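**Q** Mind having a look at this structure? Questions to follow.
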Amino acid sequence: MTSIGKETAALTQLKGEVEKELLFHIIPFWSGLRDDVYGGYYGWLSYDLSLNGRAEKGCILNSRITWFFSNAYTLYKQGFVTEEACNAAGFTGESLLFAARHGYEFLTAHCLDREYGGIYWSLNYDGTPLDTTKHTYNQAFCIYALSSYYEASGDKEALCLAYQLFDLIEERCTDKVGYLEAFTRDFAPESNEKLSENGVLADKTMNTLLHVFEAYTELYRVSKDCTCTENTEKLIKQRKRVRERLMWIMDVFAQKVYNPNLHRQEVFFDAEYHSILDLHSYGHDIETAWLMDRGVEVLDEDSYAKKMYPITRDLTAQIYKIAFDGHSLANECDRGAVNKNRVWWVQAETVVGFLNGYEKTPEHEEYVKAVLAQWEFIKTYVIDRRNGSEWYWEVNPDGTPIDGRPIVEPWKCPYHNGRMCIEIIRRIS
């Protein structure tokens, strides 16, 4: 990754404010949800800030928290934040690695099915299996977490487990067209309610394909210089296979998911990748734009840069044109009806997506203005200033919070907003 070359005073201020949000708010909040009795992290904090210590623990949630603390530690380890800054916020750099290890140990001890392989969907509060569905999306997020934990800790077992899950996805969760979605515990196919919305039941989804790509990108990147495993030759072959699948996924995105006529991605598909719903997911498009660019950078293959960069530029431009109102991003457009609510993760991805767009095409100064305006909206309305809270799940277009949406639940996590902070700190230097 390259840092933004044209730095402004406003971007410098943005970086400082975001670093403060990460160190003084997001990290302490999620550190406080560590369950030291049963392992992992607590799974539910209501809108009124009532903690349910016996709530379901989502495996996606715990993968994402593990990913977050791993990357926060790597940010510290690489010198992007100092020990003094951590101490000022009330923790040490090494405590970030401890928090990541706590999540990793829960994933490997409880979320991983030692009998049939793969990651469960969710657990009871005590770490026993609750929902034993095996979902490809969920396997991908565990690869993402394990890859980042390996980078942070150097623990080769984490990398080995990540490659085991890669092999499992490729062997059990694919057909000749693409990635399948949901399975029983022993990998018999089942219907995909978990990643279907808006009144349709999808055989394949853009969301699963995107996050398999994201996970494989990180797995490929962090294992680049690893030659110290017990079977280096096997690792080299596996990594080559990951590279092949990254290129294959980009081909699918370009040919099946990206709609050049509508300047968007399609979201839900039948088994043959025919779109089954007129849906424009604004947040996913701006997220995809920068994640695809990241994958192209990591892959370092000119032919795919030529193929994917026009697509990511188009997605970014279209989102700016039709979904960004000058201060924040609407949620989605379902069959012509726009959902104007401002969802926490969509706002976070908007910051990274437009910052990436500005970095790649600095002539588009409107993108950096959008970054600054979006951050202003986030810090004014989306960050929950109540003591013991983090970010609201969702606010109205005028910024008033939507009552009842929990602060923590299986999908509400530090993955999007924490990653936004980490990306800004890394990119603005």
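By order in the structure tokens, chains are A, B, ...; within a chain, residues start at 1; ligands start at 1, following the order shown.
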Please run DSSP on the backbone and report, as a list in words, all residues within range 213-250 of chain A that come out as helix (DSSP H, G or I).
**A**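 Taking range 213-250 of chain A and keeping helix (DSSP H, G or I) gives Phe213, Glu214, Ala215, Tyr216, Thr217, Glu218, Leu219, Tyr220, Arg221, Val222, Thr232, Glu233, Lys234, Leu235, Ile236, Lys237, Gln238, Arg239, Lys240, Arg241, Val242, Arg243, Glu244, Arg245, Leu246, Met247, Trp248, Ile249 and Met250 of chain A.
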**Q** List as an mmCIF file with N, CA and C atoms, in the first residue's frame the protein and nucleic acid residues near Thr136 in chain A, meaning an atom at most 10 Å away when only C-alpha atoms are counted, but skip any in the same chain fewer than 6 places from it.
**A**
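Now in out21.cif:
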data_model
loop_
_atom_site.group_PDB
_atom_site.id
_atom_site.type_symbol
_atom_site.label_atom_id
_atom_site.label_comp_id
_atom_site.auth_asym_id
_atom_site.auth_seq_id
_atom_site.Cartn_x
_atom_site.Cartn_y
_atom_site.Cartn_z
ATOM 1 N N GLY A 118 -14.258 -26.995 9.846
ATOM 2 C CA GLY A 118 -14.953 -25.736 9.638
ATOM 3 C C GLY A 118 -15.352 -25.046 10.929
ATOM 4 N N ILE A 119 -15.956 -23.871 10.761
ATOM 5 C CA ILE A 119 -16.326 -23.009 11.873
ATOM 6 C C ILE A 119 -17.831 -23.006 12.030
ATOM 7 N N LEU A 165 -8.615 -24.111 6.427
ATOM 8 C CA LEU A 165 -9.933 -23.584 6.091
ATOM 9 C C LEU A 165 -10.018 -23.206 4.612
ATOM 10 N N LEU A 168 -10.667 -26.375 2.898
ATOM 11 C CA LEU A 168 -12.050 -26.799 3.152
ATOM 12 C C LEU A 168 -13.024 -26.034 2.263
ATOM 13 N N ILE A 169 -12.857 -24.726 2.158
ATOM 14 C CA ILE A 169 -13.749 -23.949 1.289
ATOM 15 C C ILE A 169 -13.664 -24.436 -0.145
ATOM 16 N N GLU A 170 -12.449 -24.633 -0.614
ATOM 17 C CA GLU A 170 -12.272 -25.012 -2.013
ATOM 18 C C GLU A 170 -12.765 -26.431 -2.295
ATOM 19 N N ARG A 172 -15.174 -28.157 -0.256
ATOM 20 C CA ARG A 172 -16.528 -28.456 0.196
ATOM 21 C C ARG A 172 -17.558 -27.383 -0.136
ATOM 22 N N CYS A 173 -17.123 -26.182 -0.453
ATOM 23 C CA CYS A 173 -18.047 -25.043 -0.535
ATOM 24 C C CYS A 173 -18.109 -24.416 -1.913
ATOM 25 N N THR A 174 -17.736 -25.137 -2.946
ATOM 26 C CA THR A 174 -17.747 -24.582 -4.293
ATOM 27 C C THR A 174 -18.477 -25.511 -5.255
ATOM 28 N N TYR A 179 -18.960 -19.895 -5.404
ATOM 29 C CA TYR A 179 -18.993 -20.327 -4.011
ATOM 30 C C TYR A 179 -20.426 -20.533 -3.556
ATOM 31 N N LEU A 180 -20.648 -21.701 -2.973
ATOM 32 C CA LEU A 180 -21.938 -21.997 -2.360
ATOM 33 C C LEU A 180 -22.013 -21.278 -1.019
ATOM 34 N N GLU A 181 -23.156 -21.374 -0.352
ATOM 35 C CA GLU A 181 -23.377 -20.526 0.806
ATOM 36 C C GLU A 181 -23.461 -21.318 2.120
ATOM 37 N N ALA A 182 -24.545 -22.044 2.332
ATOM 38 C CA ALA A 182 -24.825 -22.611 3.657
ATOM 39 C C ALA A 182 -24.853 -24.138 3.616
ATOM 40 N N PHE A 183 -24.410 -24.733 4.754
ATOM 41 C CA PHE A 183 -24.342 -26.177 4.873
ATOM 42 C C PHE A 183 -24.717 -26.599 6.291
ATOM 43 N N THR A 208 -20.747 -12.983 0.041
ATOM 44 C CA THR A 208 -19.856 -14.108 0.315
ATOM 45 C C THR A 208 -18.656 -14.090 -0.615
ATOM 46 N N LEU A 209 -18.873 -13.845 -1.898
ATOM 47 C CA LEU A 209 -17.762 -13.804 -2.844
ATOM 48 C C LEU A 209 -16.761 -12.717 -2.463
ATOM 49 N N HIS A 211 -16.115 -11.425 0.515
ATOM 50 C CA HIS A 211 -15.352 -11.654 1.735
ATOM 51 C C HIS A 211 -14.488 -12.898 1.672
ATOM 52 N N VAL A 212 -14.789 -13.825 0.777
ATOM 53 C CA VAL A 212 -13.812 -14.862 0.461
ATOM 54 C C VAL A 212 -12.589 -14.210 -0.198
#
**Q** List the neighbours of range 240-257 of chain A out to 7 Å using only C-alpha atoms; skip same-chain residues closer than 6 positions along the sequence, and give me the result as a PyMOL selection string.
**A** chain A and resi 206+213+216+220+265-266+273
**Q** Between A:Ser223, A:Asp186, A:Leu107, A:Phe98, single out the one closest to Lys156 in chain A, counting only C-alpha atoms.
**A**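 Closest to Lys156 in chain A of all the choices is A:Ser223.
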**Q** Select from range 57-275 of chain A everything DSSP, run on the backbone, classes as strand (DSSP E), then give the selection as a PyMOL selection string.
**A** chain A and resi 57-58+122-123+129-131+134-135+182-183+189-190+204-205+258-259+264-265+268-269
**Q** At a cut-off of 6 Å, using only C-alpha atoms, what residues contact Ser70 in chain A? Leave out same-chain residues fewer than 2 positions from it and give the result as a PyMOL selection string.
**A** chain A and resi 67-68+72-73+100+148-149+152
**Q** Put those residues in a file: N, CA and C atoms, as a PDB file, in the first residue's frame.
**A**
ATOM      1  N   TRP A  67      -9.546 -10.410  14.541  1.00  0.00           N
ATOM      2  CA  TRP A  67      -8.928  -9.666  13.439  1.00  0.00           C
ATOM      3  C   TRP A  67      -8.583  -8.244  13.877  1.00  0.00           C
ATOM      4  N   PHE A  68      -9.523  -7.591  14.573  1.00  0.00           N
ATOM      5  CA  PHE A  68      -9.332  -6.198  14.962  1.00  0.00           C
ATOM      6  C   PHE A  68      -8.144  -6.028  15.900  1.00  0.00           C
ATOM      7  N   ALA A  72      -4.689  -4.061  15.263  1.00  0.00           N
ATOM      8  CA  ALA A  72      -4.305  -2.956  16.146  1.00  0.00           C
ATOM      9  C   ALA A  72      -2.897  -3.180  16.685  1.00  0.00           C
ATOM     10  N   TYR A  73      -2.579  -4.428  17.041  1.00  0.00           N
ATOM     11  CA  TYR A  73      -1.222  -4.717  17.525  1.00  0.00           C
ATOM     12  C   TYR A  73      -0.194  -4.541  16.407  1.00  0.00           C
ATOM     13  N   ALA A 100      -5.840 -10.082  21.197  1.00  0.00           N
ATOM     14  CA  ALA A 100      -5.925 -10.884  19.987  1.00  0.00           C
ATOM     15  C   ALA A 100      -5.768 -12.370  20.296  1.00  0.00           C
ATOM     16  N   SER A 148      -4.433 -12.512  10.057  1.00  0.00           N
ATOM     17  CA  SER A 148      -3.982 -11.317  10.773  1.00  0.00           C
ATOM     18  C   SER A 148      -3.323 -11.675  12.104  1.00  0.00           C
ATOM     19  N   TYR A 149      -3.850 -12.703  12.763  1.00  0.00           N
ATOM     20  CA  TYR A 149      -3.227 -13.119  14.023  1.00  0.00           C
ATOM     21  C   TYR A 149      -1.831 -13.679  13.762  1.00  0.00           C
ATOM     22  N   ALA A 152       0.464 -10.763  13.314  1.00  0.00           N
ATOM     23  CA  ALA A 152       0.737 -10.076  14.576  1.00  0.00           C
ATOM     24  C   ALA A 152       1.656 -10.889  15.479  1.00  0.00           C
TER      25      ALA A 152
END
**Q** Point out the residue among A:Glu272, A:Asp403, A:Glu390, A:Glu190 with the least atom-to-atom distance to Leu33 in chain A, counting only C-alpha atoms.
**A**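 Result for the nearest residue to Leu33 in chain A: A:Glu390.
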**Q** Which polymer residues have any atom within 9 Å of an atom of Gly399 in chain A, counting only C-alpha atoms, with same-chain residues fewer than 5 positions away left out, as a PyMOL selection string?
**A** chain A and resi 341-342+377-378+380-382+394
**Q** Check the smallest atom-to-atom distance from each of A:Leu96, A:Ile286, A:Ala305, A:Met420 to Gly353 in chain A using only C-alpha atoms, then report the winner.
**A** A:Ile286
**Q** Between CA of Thr133 in chain A and CA of Gly103 in chain A, measure the distance and give it in Å to one decimal.
**A**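 Computing the Euclidean distance for CA of Thr133 in chain A and CA of Gly103 in chain A yields 20.5 Å.
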**Q** Taking only C-alpha atoms into account, name the residue in A:Leu97, A:Leu279, A:Val408, A:Ile236 that is nearest to Leu75 in chain A.
**A**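 So, comparing all the options, the nearest one is A:Leu97.
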**Q** Hey, what's within 12 Å of Leu219 in chain A if we count only C-alpha atoms and toss same-chain stuff fewer than 5 positions away? As a VMD selection string, please?
**A** chain A and resid 140 to 151 158 to 166 212 to 214 224 to 226 235 238 to 243 245 to 246 295 298 to 299
**Q** Have a look at A:Tyr47, A:Tyr282, A:Tyr137, A:Trp30 and name the one nearest to Pro414 in chain A; count only C-alpha atoms.
**A**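 Under the stated criterion, the closest residue is A:Trp30.
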**Q** Grab the CA of Leu49 in chain A to CA of Ala89 in chain A distance for me, in Å with one decimal place.
**A** 21.9 Å
**Q** Neighbouring residues of Lys360 in chain A were defined as those with any atom within 10 Å, considering only C-alpha atoms; residues of the same chain fewer than 3 positions away were excluded. Please report them as a list in words.
**A**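 With the cut-off at 10 Å, the set is Thr2, Ile4, Trp290, Asp293, Tyr309, Arg313, Phe354, Leu355, Asn356, Gly357, Glu363 and His364 of chain A.
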**Q** What does the file look like for those residues with N, CA and C atoms, as a compact mmCIF listing (two decimals), in the first residue's frame?
**A**
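part_10.txt, freshly written:
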# COMPACT_ATOMS: atom_id res chain seq x y z
N THR A 2 0.46 2.25 -0.75
CA THR A 2 1.17 3.51 -0.75
C THR A 2 0.38 4.54 0.03
N ILE A 4 -0.95 8.40 0.90
CA ILE A 4 -1.42 9.50 0.07
C ILE A 4 -0.32 10.52 -0.08
N TRP A 290 -12.54 -0.47 -2.74
CA TRP A 290 -11.19 -0.42 -2.16
C TRP A 290 -10.64 -1.80 -1.84
N ASP A 293 -9.19 -3.04 -5.06
CA ASP A 293 -7.91 -2.37 -5.29
C ASP A 293 -6.81 -2.97 -4.41
N TYR A 309 -9.26 -2.06 -12.30
CA TYR A 309 -9.25 -0.64 -11.94
C TYR A 309 -10.38 0.15 -12.61
N ARG A 313 -13.03 2.19 -10.23
CA ARG A 313 -13.22 3.62 -10.45
C ARG A 313 -14.69 3.93 -10.73
N PHE A 354 -13.76 6.45 -0.30
CA PHE A 354 -13.44 7.72 -0.95
C PHE A 354 -11.99 8.13 -0.74
N LEU A 355 -11.42 7.77 0.41
CA LEU A 355 -10.00 8.03 0.61
C LEU A 355 -9.17 7.24 -0.39
N ASN A 356 -9.56 5.99 -0.61
CA ASN A 356 -8.88 5.17 -1.61
C ASN A 356 -9.07 5.76 -3.00
N GLY A 357 -10.29 6.23 -3.30
CA GLY A 357 -10.54 6.84 -4.60
C GLY A 357 -9.68 8.07 -4.82
N GLU A 363 -6.90 13.67 -8.90
CA GLU A 363 -7.59 14.75 -9.58
C GLU A 363 -9.04 14.90 -9.10
N HIS A 364 -9.56 13.84 -8.49
CA HIS A 364 -10.92 13.88 -7.95
C HIS A 364 -10.89 14.44 -6.53
**Q** Using only C-alpha atoms, which residue out of A:Asp131, A:Asp126, A:Asp270, A:Glu332 lies closest to Gly178 in chain A?
**A**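 Using only C-alpha atoms, Gly178 in chain A sits closest to A:Asp270.
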